[in-house]
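Q: Structure file entry.cif, mmCIF, C-alpha atoms and all ligand atoms, is pasted below:
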```cif
data_run
#
loop_
_atom_site.label_atom_id
_atom_site.label_comp_id
_atom_site.auth_asym_id
_atom_site.auth_seq_id
_atom_site.Cartn_x
_atom_site.Cartn_y
_atom_site.Cartn_z
CA MET A 1 59.74 -25.69 21.24
CA THR A 2 61.36 -24.92 24.55
CA THR A 3 64.47 -22.80 24.31
CA LYS A 4 66.74 -23.91 27.10
CA PRO A 5 68.39 -21.14 29.05
CA GLN A 6 72.15 -20.99 28.47
CA HIS A 7 74.17 -21.89 31.51
CA SER A 8 77.03 -19.74 32.50
CA ASP A 9 78.69 -18.33 35.53
CA VAL A 10 76.79 -15.92 37.74
CA THR A 11 79.84 -14.97 39.81
CA GLY A 12 79.96 -11.25 40.38
CA LEU A 13 76.50 -10.58 38.96
CA PRO A 14 74.11 -8.55 41.12
CA VAL A 15 71.34 -10.68 42.58
CA PHE A 16 67.83 -10.06 41.25
CA PRO A 17 65.57 -8.95 42.86
CA GLY A 18 67.93 -6.46 44.49
CA ASP A 19 68.07 -5.58 48.17
CA ARG A 20 65.54 -3.00 49.28
CA ASP A 21 66.41 -0.17 51.62
CA ALA A 22 65.21 -1.41 55.02
CA ARG A 23 64.01 2.14 55.82
CA CYS A 24 61.75 2.19 52.73
CA PRO A 25 60.63 -1.43 52.38
CA LEU A 26 57.69 -0.49 50.13
CA ASP A 27 60.04 0.90 47.50
CA PRO A 28 61.92 -1.29 45.02
CA ALA A 29 65.67 -1.76 45.43
CA PRO A 30 67.37 1.67 45.08
CA VAL A 31 69.88 0.18 42.61
CA TYR A 32 67.12 -0.12 39.99
CA GLN A 33 67.22 3.65 39.49
CA GLU A 34 70.76 3.30 38.21
CA TRP A 35 69.92 0.23 36.10
CA ARG A 36 67.07 2.13 34.47
CA ARG A 37 69.18 5.21 33.85
CA THR A 38 72.45 3.73 32.65
CA ASP A 39 71.66 0.42 30.97
CA GLY A 40 68.63 -0.74 29.12
CA LEU A 41 69.19 -4.26 30.39
CA ARG A 42 71.37 -5.39 33.30
CA ARG A 43 72.99 -8.83 33.56
CA VAL A 44 71.86 -10.36 36.88
CA ASN A 45 71.88 -13.53 38.93
CA TRP A 46 68.27 -14.68 38.99
CA ASN A 47 67.80 -17.73 41.23
CA GLY A 48 71.33 -18.87 40.34
CA LEU A 49 70.87 -18.35 36.59
CA PRO A 50 72.27 -15.52 34.51
CA ALA A 51 69.49 -13.36 33.09
CA TRP A 52 68.85 -9.89 31.70
CA ALA A 53 66.80 -7.74 34.06
CA VAL A 54 64.52 -5.48 32.00
CA SER A 55 63.82 -2.38 34.07
CA ARG A 56 62.52 0.41 31.83
CA HIS A 57 58.79 0.66 31.21
CA GLU A 58 59.24 0.87 27.45
CA ASP A 59 61.64 -2.09 27.34
CA VAL A 60 59.31 -4.31 29.42
CA ARG A 61 56.46 -3.43 27.08
CA VAL A 62 58.55 -4.45 24.07
CA ALA A 63 59.89 -7.63 25.71
CA MET A 64 56.40 -8.76 26.69
CA THR A 65 54.99 -8.41 23.18
CA ASP A 66 57.81 -9.25 20.74
CA PRO A 67 57.18 -12.67 19.12
CA ARG A 68 60.92 -13.42 19.24
CA ILE A 69 60.59 -13.65 23.00
CA SER A 70 58.98 -16.77 24.40
CA ALA A 71 57.29 -17.64 27.69
CA GLU A 72 58.48 -21.24 27.32
CA VAL A 73 61.15 -20.92 29.94
CA GLU A 74 62.40 -24.24 31.19
CA MET A 75 62.57 -23.59 34.89
CA GLN A 76 65.51 -25.05 36.72
CA GLN A 77 63.94 -24.70 40.14
CA GLY A 78 61.43 -27.52 39.83
CA SER A 79 58.49 -25.14 39.81
CA HIS A 80 56.83 -27.07 37.00
CA GLY A 81 54.49 -29.95 37.52
CA PRO A 82 55.63 -33.49 37.00
CA GLY A 83 55.77 -33.80 33.22
CA VAL A 84 52.98 -31.33 32.61
CA THR A 85 53.41 -27.91 31.03
CA VAL A 86 51.26 -25.10 32.28
CA PHE A 87 49.71 -22.47 30.03
CA PRO A 88 51.46 -19.46 31.62
CA ARG A 89 54.69 -21.04 30.37
CA MET A 90 53.44 -21.70 26.84
CA ASP A 91 53.29 -19.56 23.74
CA ASP A 92 50.29 -19.06 21.48
CA PRO A 93 48.44 -20.75 19.92
CA GLU A 94 48.52 -23.52 22.58
CA HIS A 95 48.59 -20.96 25.42
CA ALA A 96 45.51 -19.21 24.01
CA ARG A 97 43.67 -22.53 23.52
CA LEU A 98 44.12 -23.50 27.17
CA ARG A 99 43.56 -20.00 28.57
CA ARG A 100 40.24 -19.74 26.68
CA MET A 101 38.94 -22.79 28.56
CA LEU A 102 39.29 -20.89 31.84
CA THR A 103 38.31 -17.30 31.01
CA LYS A 104 34.56 -17.79 31.54
CA ASP A 105 35.03 -17.83 35.31
CA PHE A 106 36.98 -14.56 35.37
CA THR A 107 34.81 -12.25 33.31
CA VAL A 108 33.52 -8.89 34.59
CA LYS A 109 30.00 -10.34 34.74
CA ARG A 110 30.99 -13.42 36.73
CA VAL A 111 33.09 -11.37 39.15
CA GLN A 112 30.32 -8.81 39.56
CA ALA A 113 28.01 -11.63 40.66
CA LEU A 114 30.59 -12.73 43.22
CA ARG A 115 30.90 -9.33 44.90
CA PRO A 116 28.16 -9.83 47.55
CA GLU A 117 29.80 -13.13 48.49
CA ILE A 118 33.21 -11.46 48.85
CA GLU A 119 31.68 -8.68 50.98
CA LYS A 120 30.13 -11.28 53.24
CA MET A 121 33.46 -13.08 53.61
CA ALA A 122 35.32 -9.85 54.46
CA ASN A 123 32.76 -8.96 57.12
CA THR A 124 32.77 -12.46 58.59
CA PHE A 125 36.56 -12.49 58.94
CA ILE A 126 36.42 -9.07 60.63
CA ASP A 127 33.67 -10.31 62.97
CA GLU A 128 35.97 -13.18 63.92
CA MET A 129 38.91 -10.82 64.49
CA VAL A 130 36.81 -8.58 66.72
CA ALA A 131 35.38 -11.54 68.62
CA SER A 132 38.85 -12.86 69.34
CA GLY A 133 40.25 -9.68 70.93
CA ASP A 134 41.75 -6.36 69.88
CA ALA A 135 44.85 -7.49 67.99
CA ALA A 136 45.66 -10.03 65.26
CA ASP A 137 48.01 -10.97 62.46
CA LEU A 138 46.18 -9.41 59.52
CA VAL A 139 47.77 -11.84 57.05
CA GLN A 140 46.36 -14.96 58.70
CA ALA A 141 43.11 -13.41 59.94
CA TYR A 142 42.07 -11.49 56.84
CA ALA A 143 44.42 -11.02 53.90
CA LEU A 144 44.97 -14.70 53.16
CA PRO A 145 41.53 -16.19 53.97
CA ILE A 146 39.54 -13.89 51.66
CA PRO A 147 41.25 -14.71 48.32
CA SER A 148 41.79 -18.26 49.42
CA MET A 149 38.08 -18.76 50.07
CA VAL A 150 37.12 -16.98 46.85
CA ILE A 151 39.34 -19.11 44.63
CA SER A 152 38.24 -22.31 46.41
CA LEU A 153 34.64 -21.36 45.72
CA LEU A 154 35.36 -20.58 42.05
CA LEU A 155 37.22 -23.82 41.43
CA GLY A 156 35.12 -26.07 43.65
CA VAL A 157 37.99 -26.99 45.97
CA PRO A 158 36.99 -27.55 49.62
CA TYR A 159 38.11 -24.49 51.61
CA SER A 160 38.60 -26.79 54.59
CA ASP A 161 41.82 -27.94 52.86
CA HIS A 162 43.19 -24.38 52.73
CA ALA A 163 46.04 -24.95 55.21
CA PHE A 164 47.29 -27.79 53.00
CA PHE A 165 47.34 -25.83 49.74
CA GLN A 166 48.65 -22.67 51.37
CA ASP A 167 51.63 -24.64 52.71
CA ILE A 168 52.33 -26.06 49.26
CA THR A 169 52.19 -22.58 47.73
CA SER A 170 54.66 -21.24 50.30
CA VAL A 171 57.17 -23.94 49.38
CA LEU A 172 56.79 -23.24 45.65
CA MET A 173 56.91 -19.45 45.99
CA SER A 174 59.94 -19.45 48.26
CA ARG A 175 63.25 -18.43 46.75
CA THR A 176 65.09 -20.49 49.37
CA THR A 177 63.47 -23.95 49.21
CA THR A 178 65.37 -26.65 47.28
CA VAL A 179 64.48 -28.21 43.91
CA GLU A 180 63.66 -31.48 45.72
CA GLU A 181 61.27 -29.73 48.12
CA LYS A 182 59.56 -28.00 45.20
CA LEU A 183 59.22 -31.21 43.20
CA LYS A 184 57.75 -32.97 46.22
CA ALA A 185 55.26 -30.14 46.83
CA ASN A 186 54.29 -30.24 43.14
CA ALA A 187 53.71 -33.98 43.18
CA THR A 188 51.59 -33.73 46.35
CA ILE A 189 49.27 -31.01 45.07
CA PHE A 190 49.06 -32.71 41.69
CA ALA A 191 47.90 -35.97 43.33
CA TYR A 192 45.42 -34.04 45.49
CA LEU A 193 43.87 -32.32 42.46
CA LEU A 194 43.74 -35.50 40.38
CA ASP A 195 41.90 -37.16 43.24
CA LEU A 196 39.51 -34.20 43.48
CA ILE A 197 38.89 -34.36 39.71
CA GLY A 198 38.05 -38.06 40.10
CA LYS A 199 35.47 -37.17 42.76
CA LYS A 200 33.95 -34.41 40.60
CA GLU A 201 33.49 -36.90 37.77
CA HIS A 202 31.07 -38.78 39.99
CA GLU A 203 29.59 -35.85 41.86
CA PRO A 204 29.76 -32.72 39.69
CA ASP A 205 28.98 -29.28 41.11
CA ASP A 206 28.54 -25.94 39.34
CA ALA A 207 32.11 -24.71 39.94
CA MET A 208 34.98 -24.43 37.48
CA ILE A 209 36.62 -27.86 37.70
CA SER A 210 33.31 -29.60 36.99
CA ARG A 211 32.60 -27.15 34.16
CA VAL A 212 35.96 -27.76 32.46
CA LEU A 213 35.53 -31.51 32.92
CA ARG A 214 32.16 -31.39 31.21
CA GLU A 215 33.06 -28.94 28.44
CA TYR A 216 36.61 -30.04 27.57
CA VAL A 217 37.77 -33.24 29.27
CA GLU A 218 34.74 -35.37 28.41
CA PRO A 219 34.84 -34.43 24.68
CA GLY A 220 38.56 -35.28 24.65
CA GLU A 221 39.98 -31.77 24.17
CA LEU A 222 41.88 -31.74 27.47
CA ASN A 223 43.36 -34.42 29.68
CA ARG A 224 42.86 -34.72 33.44
CA GLU A 225 46.54 -34.08 34.16
CA THR A 226 46.52 -30.71 32.41
CA LEU A 227 43.29 -29.77 34.14
CA ALA A 228 44.87 -30.69 37.49
CA MET A 229 47.96 -28.62 36.83
CA ASN A 230 46.02 -25.63 35.57
CA GLY A 231 43.70 -25.91 38.57
CA PHE A 232 46.79 -25.71 40.71
CA ILE A 233 48.06 -22.63 38.86
CA LEU A 234 44.78 -20.89 39.63
CA LEU A 235 44.72 -22.01 43.24
CA ASN A 236 48.24 -20.76 43.64
CA ALA A 237 47.97 -17.48 41.72
CA GLY A 238 44.52 -16.88 43.16
CA HIS A 239 45.39 -16.44 46.79
CA GLU A 240 49.09 -15.69 47.16
CA THR A 241 49.09 -12.52 45.04
CA THR A 242 45.89 -10.88 46.24
CA ALA A 243 46.64 -11.77 49.86
CA ASN A 244 49.94 -9.94 49.68
CA MET A 245 48.32 -6.93 48.04
CA ILE A 246 45.72 -6.74 50.85
CA ALA A 247 48.36 -6.89 53.58
CA LEU A 248 50.98 -4.68 51.92
CA GLY A 249 48.30 -2.25 50.73
CA THR A 250 47.02 -1.92 54.30
CA LEU A 251 50.54 -1.30 55.54
CA ALA A 252 51.11 1.36 52.87
CA LEU A 253 47.86 3.14 53.84
CA LEU A 254 48.64 3.03 57.56
CA GLY A 255 51.67 5.17 56.71
CA LEU A 256 49.49 7.71 54.83
CA PRO A 257 46.62 8.67 57.20
CA ASP A 258 45.08 11.27 54.86
CA THR A 259 44.89 8.83 51.96
CA LEU A 260 43.57 6.15 54.31
CA ALA A 261 40.83 8.49 55.52
CA ARG A 262 39.78 9.32 51.97
CA ILE A 263 39.38 5.64 51.11
CA ARG A 264 37.60 4.91 54.37
CA ASP A 265 35.16 7.83 54.15
CA THR A 266 34.24 7.91 50.48
CA ASP A 267 31.14 6.42 48.91
CA ASP A 268 32.54 7.03 45.42
CA PRO A 269 33.60 3.72 43.85
CA LYS A 270 35.93 5.65 41.50
CA VAL A 271 38.04 6.83 44.43
CA ILE A 272 38.33 3.23 45.63
CA SER A 273 39.21 1.80 42.23
CA GLY A 274 41.74 4.61 41.64
CA ALA A 275 43.34 3.87 44.99
CA VAL A 276 43.53 0.13 44.27
CA GLU A 277 45.10 0.75 40.88
CA GLU A 278 47.70 3.09 42.37
CA LEU A 279 48.51 0.61 45.13
CA LEU A 280 48.99 -2.08 42.49
CA ARG A 281 51.38 0.17 40.56
CA HIS A 282 53.21 1.48 43.58
CA LEU A 283 53.72 -1.87 45.30
CA SER A 284 54.21 -4.12 42.23
CA ILE A 285 54.31 -7.24 44.37
CA VAL A 286 55.25 -9.58 41.49
CA HIS A 287 58.89 -8.64 41.81
CA SER A 288 60.77 -11.61 40.44
CA LEU A 289 58.52 -14.11 38.71
CA VAL A 290 57.95 -12.91 35.17
CA ALA A 291 60.59 -14.60 33.02
CA ARG A 292 60.99 -15.03 29.28
CA VAL A 293 63.58 -16.46 26.90
CA ALA A 294 64.83 -15.06 23.58
CA THR A 295 64.40 -17.39 20.60
CA GLU A 296 66.31 -15.20 18.09
CA ASP A 297 68.75 -12.32 18.23
CA ILE A 298 66.86 -9.30 19.45
CA GLU A 299 67.89 -5.82 20.53
CA ILE A 300 66.11 -4.36 23.52
CA GLY A 301 67.04 -1.08 25.18
CA GLY A 302 70.19 -0.98 23.04
CA GLN A 303 71.30 -4.41 24.25
CA LEU A 304 71.65 -7.44 21.98
CA VAL A 305 70.02 -10.50 23.54
CA ARG A 306 71.00 -13.88 22.10
CA PRO A 307 68.78 -16.96 21.60
CA GLY A 308 68.46 -18.97 24.80
CA GLU A 309 69.21 -16.03 27.06
CA LEU A 310 66.77 -15.39 29.86
CA LEU A 311 65.01 -12.11 30.49
CA VAL A 312 63.33 -11.27 33.77
CA MET A 313 60.83 -8.43 33.89
CA ASN A 314 61.58 -5.92 36.60
CA LEU A 315 57.95 -4.85 37.08
CA PRO A 316 58.61 -2.77 40.23
CA ALA A 317 61.22 -0.72 38.34
CA ALA A 318 59.07 -0.35 35.22
CA ASN A 319 56.10 0.83 37.29
CA ARG A 320 58.29 3.49 38.91
CA ASP A 321 59.91 4.65 35.67
CA PRO A 322 60.10 8.48 35.65
CA ALA A 323 60.06 8.37 31.85
CA PHE A 324 56.49 7.04 32.11
CA TYR A 325 55.06 8.47 35.37
CA ASP A 326 55.63 11.88 36.93
CA ASP A 327 56.99 11.70 40.46
CA PRO A 328 56.73 7.89 40.28
CA ASP A 329 57.73 7.16 43.88
CA ARG A 330 54.81 9.11 45.30
CA LEU A 331 51.70 7.10 46.17
CA ASP A 332 49.02 9.34 44.68
CA ILE A 333 45.55 7.83 44.41
CA ASP A 334 44.45 10.61 42.04
CA ARG A 335 47.08 9.91 39.42
CA ASP A 336 46.41 8.44 35.98
CA THR A 337 47.73 4.92 36.46
CA ARG A 338 47.03 3.71 32.96
CA GLY A 339 49.79 1.59 31.50
CA HIS A 340 50.96 0.11 34.80
CA MET A 341 52.22 -3.42 34.52
CA ALA A 342 51.45 -4.89 37.95
CA PHE A 343 49.35 -7.50 36.11
CA GLY A 344 51.93 -7.96 33.37
CA HIS A 345 51.43 -7.05 29.74
CA GLY A 346 50.58 -8.77 26.46
CA VAL A 347 48.95 -12.15 25.97
CA HIS A 348 49.96 -13.45 29.40
CA GLN A 349 48.45 -10.50 31.22
CA CYS A 350 46.86 -11.68 34.45
CA LEU A 351 43.81 -13.88 33.90
CA GLY A 352 42.51 -13.07 37.39
CA GLN A 353 42.86 -9.28 37.30
CA VAL A 354 39.13 -8.49 37.37
CA LEU A 355 38.73 -10.77 40.35
CA ALA A 356 41.82 -9.41 42.11
CA ARG A 357 40.57 -5.84 41.67
CA ALA A 358 37.16 -6.74 43.08
CA GLU A 359 38.74 -8.45 46.09
CA LEU A 360 40.94 -5.43 46.80
CA GLU A 361 38.12 -2.93 46.23
CA ILE A 362 36.09 -4.78 48.84
CA ALA A 363 38.74 -5.97 51.32
CA LEU A 364 40.58 -2.67 51.85
CA PRO A 365 37.68 -0.23 52.46
CA THR A 366 35.71 -2.81 54.47
CA LEU A 367 38.66 -3.26 56.80
CA LEU A 368 39.23 0.48 57.21
CA ARG A 369 35.55 1.19 57.83
CA ARG A 370 34.93 -1.64 60.25
CA LEU A 371 38.13 -1.02 62.22
CA PRO A 372 38.64 2.77 62.20
CA GLY A 373 41.26 2.53 64.95
CA LEU A 374 43.41 0.11 62.92
CA ARG A 375 47.14 0.52 63.62
CA LEU A 376 50.37 -1.42 63.57
CA ALA A 377 50.92 -3.41 66.75
CA VAL A 378 54.73 -3.46 66.36
CA PRO A 379 57.28 -0.96 65.00
CA LEU A 380 57.77 -1.09 61.23
CA SER A 381 61.34 -2.33 61.78
CA GLU A 382 60.00 -5.56 63.30
CA ILE A 383 57.89 -6.53 60.31
CA ARG A 384 59.31 -9.36 58.20
CA PHE A 385 59.12 -8.48 54.52
CA ARG A 386 58.98 -11.19 51.88
CA ASN A 387 62.34 -10.54 50.25
CA ASP A 388 62.74 -14.31 50.21
CA MET A 389 59.61 -14.98 48.13
CA SER A 390 58.74 -14.53 44.44
CA ILE A 391 55.73 -12.46 45.45
CA TYR A 392 56.62 -9.53 47.70
CA GLY A 393 54.62 -8.62 50.78
CA VAL A 394 54.80 -9.28 54.49
CA HIS A 395 55.03 -12.61 56.27
CA GLU A 396 52.92 -11.26 59.12
CA LEU A 397 51.20 -7.96 59.81
CA PRO A 398 50.52 -7.57 63.53
CA VAL A 399 47.75 -5.00 63.92
CA ALA A 400 45.55 -3.71 66.73
CA TRP A 401 42.29 -1.68 66.63
C1 LIG A 501 49.44 -13.82 35.26
C2 LIG A 501 49.95 -10.47 38.72
C3 LIG A 501 45.93 -12.09 40.92
C4 LIG A 501 45.81 -15.79 37.80
C5 LIG A 501 49.90 -12.75 35.99
C6 LIG A 501 51.03 -11.94 35.63
C7 LIG A 501 51.19 -11.02 36.62
C8 LIG A 501 50.14 -11.23 37.59
C9 LIG A 501 52.26 -9.95 36.69
C10 LIG A 501 51.86 -12.08 34.34
C11 LIG A 501 52.83 -13.22 34.39
C12 LIG A 501 53.66 -13.36 33.12
O1 LIG A 501 53.49 -12.62 32.17
O2 LIG A 501 54.54 -14.24 33.10
C13 LIG A 501 48.89 -10.63 39.61
C14 LIG A 501 48.64 -9.74 40.73
C15 LIG A 501 47.50 -10.20 41.35
C16 LIG A 501 47.05 -11.36 40.61
C17 LIG A 501 49.48 -8.54 41.12
C18 LIG A 501 46.76 -9.68 42.54
C19 LIG A 501 46.77 -8.49 42.98
C20 LIG A 501 45.52 -13.22 40.26
C21 LIG A 501 44.33 -13.98 40.56
C22 LIG A 501 44.33 -15.03 39.68
C23 LIG A 501 45.48 -14.92 38.82
C24 LIG A 501 43.32 -13.66 41.64
C25 LIG A 501 43.33 -16.14 39.50
C26 LIG A 501 42.67 -16.78 40.07
C27 LIG A 501 46.79 -15.57 36.87
C28 LIG A 501 47.06 -16.48 35.77
C29 LIG A 501 48.10 -15.90 35.03
C30 LIG A 501 48.46 -14.67 35.69
C31 LIG A 501 46.35 -17.78 35.47
C32 LIG A 501 48.75 -16.47 33.77
C33 LIG A 501 48.07 -15.90 32.56
C34 LIG A 501 48.67 -16.34 31.25
O3 LIG A 501 49.83 -16.75 31.19
O4 LIG A 501 47.94 -16.27 30.24
N1 LIG A 501 49.36 -12.31 37.18
N2 LIG A 501 47.92 -11.58 39.57
N3 LIG A 501 46.17 -13.80 39.19
N4 LIG A 501 47.63 -14.49 36.80
FE1 LIG A 501 47.71 -12.99 38.13
#
```
What does this structure look like when you write it as structure tokens?

A:
Amino acid sequence: MTTKPQHSDVTGLPVFPGDRDARCPLDPAPVYQEWRRTDGLRRVNWNGLPAWAVSRHEDVRVAMTDPRISAEVEMQQGSHGPGVTVFPRMDDPEHARLRRMLTKDFTVKRVQALRPEIEKMANTFIDEMVASGDAADLVQAYALPIPSMVISLLLGVPYSDHAFFQDITSVLMSRTTTVEEKLKANATIFAYLLDLIGKKEHEPDDAMISRVLREYVEPGELNRETLAMNGFILLNAGHETTANMIALGTLALLGLPDTLARIRDTDDPKVISGAVEELLRHLSIVHSLVARVATEDIEIGGQLVRPGELLVMNLPAANRDPAFYDDPDRLDIDRDTRGHMAFGHGVHQCLGQVLARAELEIALPTLLRRLPGLRLAVPLSEIRFRNDMSIYGVHELPVAW
């Protein structure tokens, strides 16, 4: 059952996500400190809808695991596919049934086997950067192509179509495009994937779409439309998030030369994985996407939430909660990062997290080692941050080496 969000006026409500301080663009909006301190939940305007922003670590943990809170949020912004529900917006048991069909391609073992391939990609993109001069936009030249190529390979989608699906993702992830534009983008990618599925039925390969066709569509457990839409979810989630972590993570490290040098010079994989985990916590790029809806009366953080009311998880605030982490605003690659929620929490926790970690553990040190003179090519004030997108990051990152 989908619980429709209640409509009411958003006049006067603070907009979520809040405005960051332009001088500290890697930190969440300063106002979250007050939200966390004074209210458990804060009534906000989220994409034109009233919602409760959940900002304390403990409250997010509760909200993401309480069965009275559902992921079946009926989005008003047209971000759903045409008539098809996607598993991230479903509750168990149906969510679990669909998710299980995809997990095989995201296991530790499968990702481990992919590592040499990812290393090769990272080095090839750096070779191309070096061959083309001594400056580039790191987003287009490196941060975006690596995860995009990896997810294309996993799914069996031709990477040569990457410009097409990256454009579609930008429209869907933008907080400023219209419902009509989003619906059109959805229909286009849906048609593209259905067509691709048709081709795979005749010429299967050993990638994911062909595997799911063989294991679930042919025996009648899954229809082509749902496979197409879930393929799109993976394509979308698979490159946009990691790409922004690579670019924003690089920017964060350029501002901390000692930390950068430790990551560049170490041969200890634990230092690298600790650094990646801390960057994930510190940057919390999923700053506005994780929404839920109450299905019954429930009290969270001392606030009564009524059925049909929306909740939006303020992951950047939760990951900087001083009640959970000491000195939370400090980027400290030696800290114990356990319990961070950059990948969410509970049954919807990120399906691609093992892959994302591997990509970051390869992409960041490879870049720093191959280009030891890496630096920003413009002042920080000229960099366009993605305040306008559901996934935070930078639109471009002009660098030189
Ligand atoms: C779910 C973050 C990379 C696929 C999530 C959620 C977060 C997240 C916060 C929870 C959403 C919710 O509860 O509503 C990230 C970050 C990434 C990343 C920060 C990179 C650094 C990836 C990659 C893939 C992926 C590489 C796959 C190819 C998914 C999927 C879900 C998900 C399918 C939905 C899972 C479910 O509902 O069961 N991710 N993600 N993500 N992520 Fe990621």

Q: Quote the spacing between CA of Thr259 (chain A) and CA of Asp27 (chain A) in Å to one decimal place.

A: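 Rounded to one decimal, the two atoms are 17.7 Å apart.
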
Q: Grab the atom C1 of ligand LIG 501 (chain A) to CA of Val286 (chain A) distance for me, in Å with one decimal place.

A: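 We find that atom C1 of ligand LIG 501 (chain A) and CA of Val286 (chain A) lie 9.5 Å from each other.
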
Q: Please enclose the listed atoms of ligand LIG 501 (chain A) in an axis-aligned box, pad each side by 4 Å, and write out the centre and the three edge lengths in Å, rounded to one decimal, as JSON.

A:
```
{"center_x": 48.6, "center_y": -13.1, "center_z": 36.6, "size_x": 19.9, "size_y": 17.3, "size_z": 20.7}
```

Q: Kindly work out which residues sit at most 7 Å from ligand LIG 501 (chain A), using all atoms listed in the file, and give the list as a PyMOL selection string.

A: chain A and resi 71+87-89+95+99+151+233-235+237-239+241-242+245+280+284-286+289-291+341-345+347-353+355-357

Q: Could you dump the residues just selected with C-alpha atoms as a PDB file, keeping the file's coordinate frame?

A:
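result09.pdb was written with the following content:
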```
ATOM      1  CA  ALA A  71      57.290 -17.640  27.690  1.00  0.00           C
ATOM      2  CA  PHE A  87      49.710 -22.470  30.030  1.00  0.00           C
ATOM      3  CA  PRO A  88      51.460 -19.460  31.620  1.00  0.00           C
ATOM      4  CA  ARG A  89      54.690 -21.040  30.370  1.00  0.00           C
ATOM      5  CA  HIS A  95      48.590 -20.960  25.420  1.00  0.00           C
ATOM      6  CA  ARG A  99      43.560 -20.000  28.570  1.00  0.00           C
ATOM      7  CA  ILE A 151      39.340 -19.110  44.630  1.00  0.00           C
ATOM      8  CA  ILE A 233      48.060 -22.630  38.860  1.00  0.00           C
ATOM      9  CA  LEU A 234      44.780 -20.890  39.630  1.00  0.00           C
ATOM     10  CA  LEU A 235      44.720 -22.010  43.240  1.00  0.00           C
ATOM     11  CA  ALA A 237      47.970 -17.480  41.720  1.00  0.00           C
ATOM     12  CA  GLY A 238      44.520 -16.880  43.160  1.00  0.00           C
ATOM     13  CA  HIS A 239      45.390 -16.440  46.790  1.00  0.00           C
ATOM     14  CA  THR A 241      49.090 -12.520  45.040  1.00  0.00           C
ATOM     15  CA  THR A 242      45.890 -10.880  46.240  1.00  0.00           C
ATOM     16  CA  MET A 245      48.320  -6.930  48.040  1.00  0.00           C
ATOM     17  CA  LEU A 280      48.990  -2.080  42.490  1.00  0.00           C
ATOM     18  CA  SER A 284      54.210  -4.120  42.230  1.00  0.00           C
ATOM     19  CA  ILE A 285      54.310  -7.240  44.370  1.00  0.00           C
ATOM     20  CA  VAL A 286      55.250  -9.580  41.490  1.00  0.00           C
ATOM     21  CA  LEU A 289      58.520 -14.110  38.710  1.00  0.00           C
ATOM     22  CA  VAL A 290      57.950 -12.910  35.170  1.00  0.00           C
ATOM     23  CA  ALA A 291      60.590 -14.600  33.020  1.00  0.00           C
ATOM     24  CA  MET A 341      52.220  -3.420  34.520  1.00  0.00           C
ATOM     25  CA  ALA A 342      51.450  -4.890  37.950  1.00  0.00           C
ATOM     26  CA  PHE A 343      49.350  -7.500  36.110  1.00  0.00           C
ATOM     27  CA  GLY A 344      51.930  -7.960  33.370  1.00  0.00           C
ATOM     28  CA  HIS A 345      51.430  -7.050  29.740  1.00  0.00           C
ATOM     29  CA  VAL A 347      48.950 -12.150  25.970  1.00  0.00           C
ATOM     30  CA  HIS A 348      49.960 -13.450  29.400  1.00  0.00           C
ATOM     31  CA  GLN A 349      48.450 -10.500  31.220  1.00  0.00           C
ATOM     32  CA  CYS A 350      46.860 -11.680  34.450  1.00  0.00           C
ATOM     33  CA  LEU A 351      43.810 -13.880  33.900  1.00  0.00           C
ATOM     34  CA  GLY A 352      42.510 -13.070  37.390  1.00  0.00           C
ATOM     35  CA  GLN A 353      42.860  -9.280  37.300  1.00  0.00           C
ATOM     36  CA  LEU A 355      38.730 -10.770  40.350  1.00  0.00           C
ATOM     37  CA  ALA A 356      41.820  -9.410  42.110  1.00  0.00           C
ATOM     38  CA  ARG A 357      40.570  -5.840  41.670  1.00  0.00           C
TER      39      ARG A 357
END
```

Q: Could you tell me how far CA of Ser55 (chain A) lies from CA of Pro316 (chain A), in Å and to one decimal?

A: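 Those two atoms sit 8.1 Å apart.
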
Q: Please provide the set of residues having any atom within 12 Å of Asp21 (chain A), restricted to only C-alpha atoms, with same-chain residues fewer than 2 positions apart removed, written as a list of chain:residue names.

A: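 Near neighbours after the sequence-gap exclusion: A:Gly18, A:Asp19, A:Arg23, A:Cys24, A:Pro25, A:Leu26, A:Asp27, A:Pro28, A:Ala29, A:Pro30, A:Val31, A:Tyr32, A:Ser381, A:Phe385, A:Asn387.
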
Q: Looking at only C-alpha atoms, which of A:Leu196, A:Ile383, A:Leu248, A:Ile69 is the one that sits closest to Glu309 (chain A)?

A: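 Using only C-alpha atoms, the shortest distance to Glu309 (chain A) belongs to A:Ile69.
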
Q: Report as a Markdown table the residues of region 212-272 of chain A within 10 Å of region 327-339 of chain A, each with its shortest atom pair and distance in Å (one decimal), using all atoms listed in the file, ordered by chain and increasing residue number.

A:
```
| residue | atom | partner | partner_atom | distance |
| --- | --- | --- | --- | --- |
| A:Ala252 | CA | A:Leu331 | CA | 8.8 |
| A:Leu253 | CA | A:Leu331 | CA | 9.4 |
| A:Leu256 | CA | A:Leu331 | CA | 9.0 |
| A:Thr259 | CA | A:Ile333 | CA | 7.6 |
| A:Arg262 | CA | A:Ile333 | CA | 9.6 |
| A:Ile263 | CA | A:Ile333 | CA | 9.4 |
| A:Lys270 | CA | A:Asp334 | CA | 9.9 |
| A:Val271 | CA | A:Ile333 | CA | 7.6 |
| A:Ile272 | CA | A:Ile333 | CA | 8.6 |
```

Q: Have a look at A:Ser174, A:Ser288, A:Thr65, A:Thr266 and name the one nearest to Leu315 (chain A); count all atoms listed in the file.

A: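 Using all atoms listed in the file, Leu315 (chain A) sits closest to A:Ser288.
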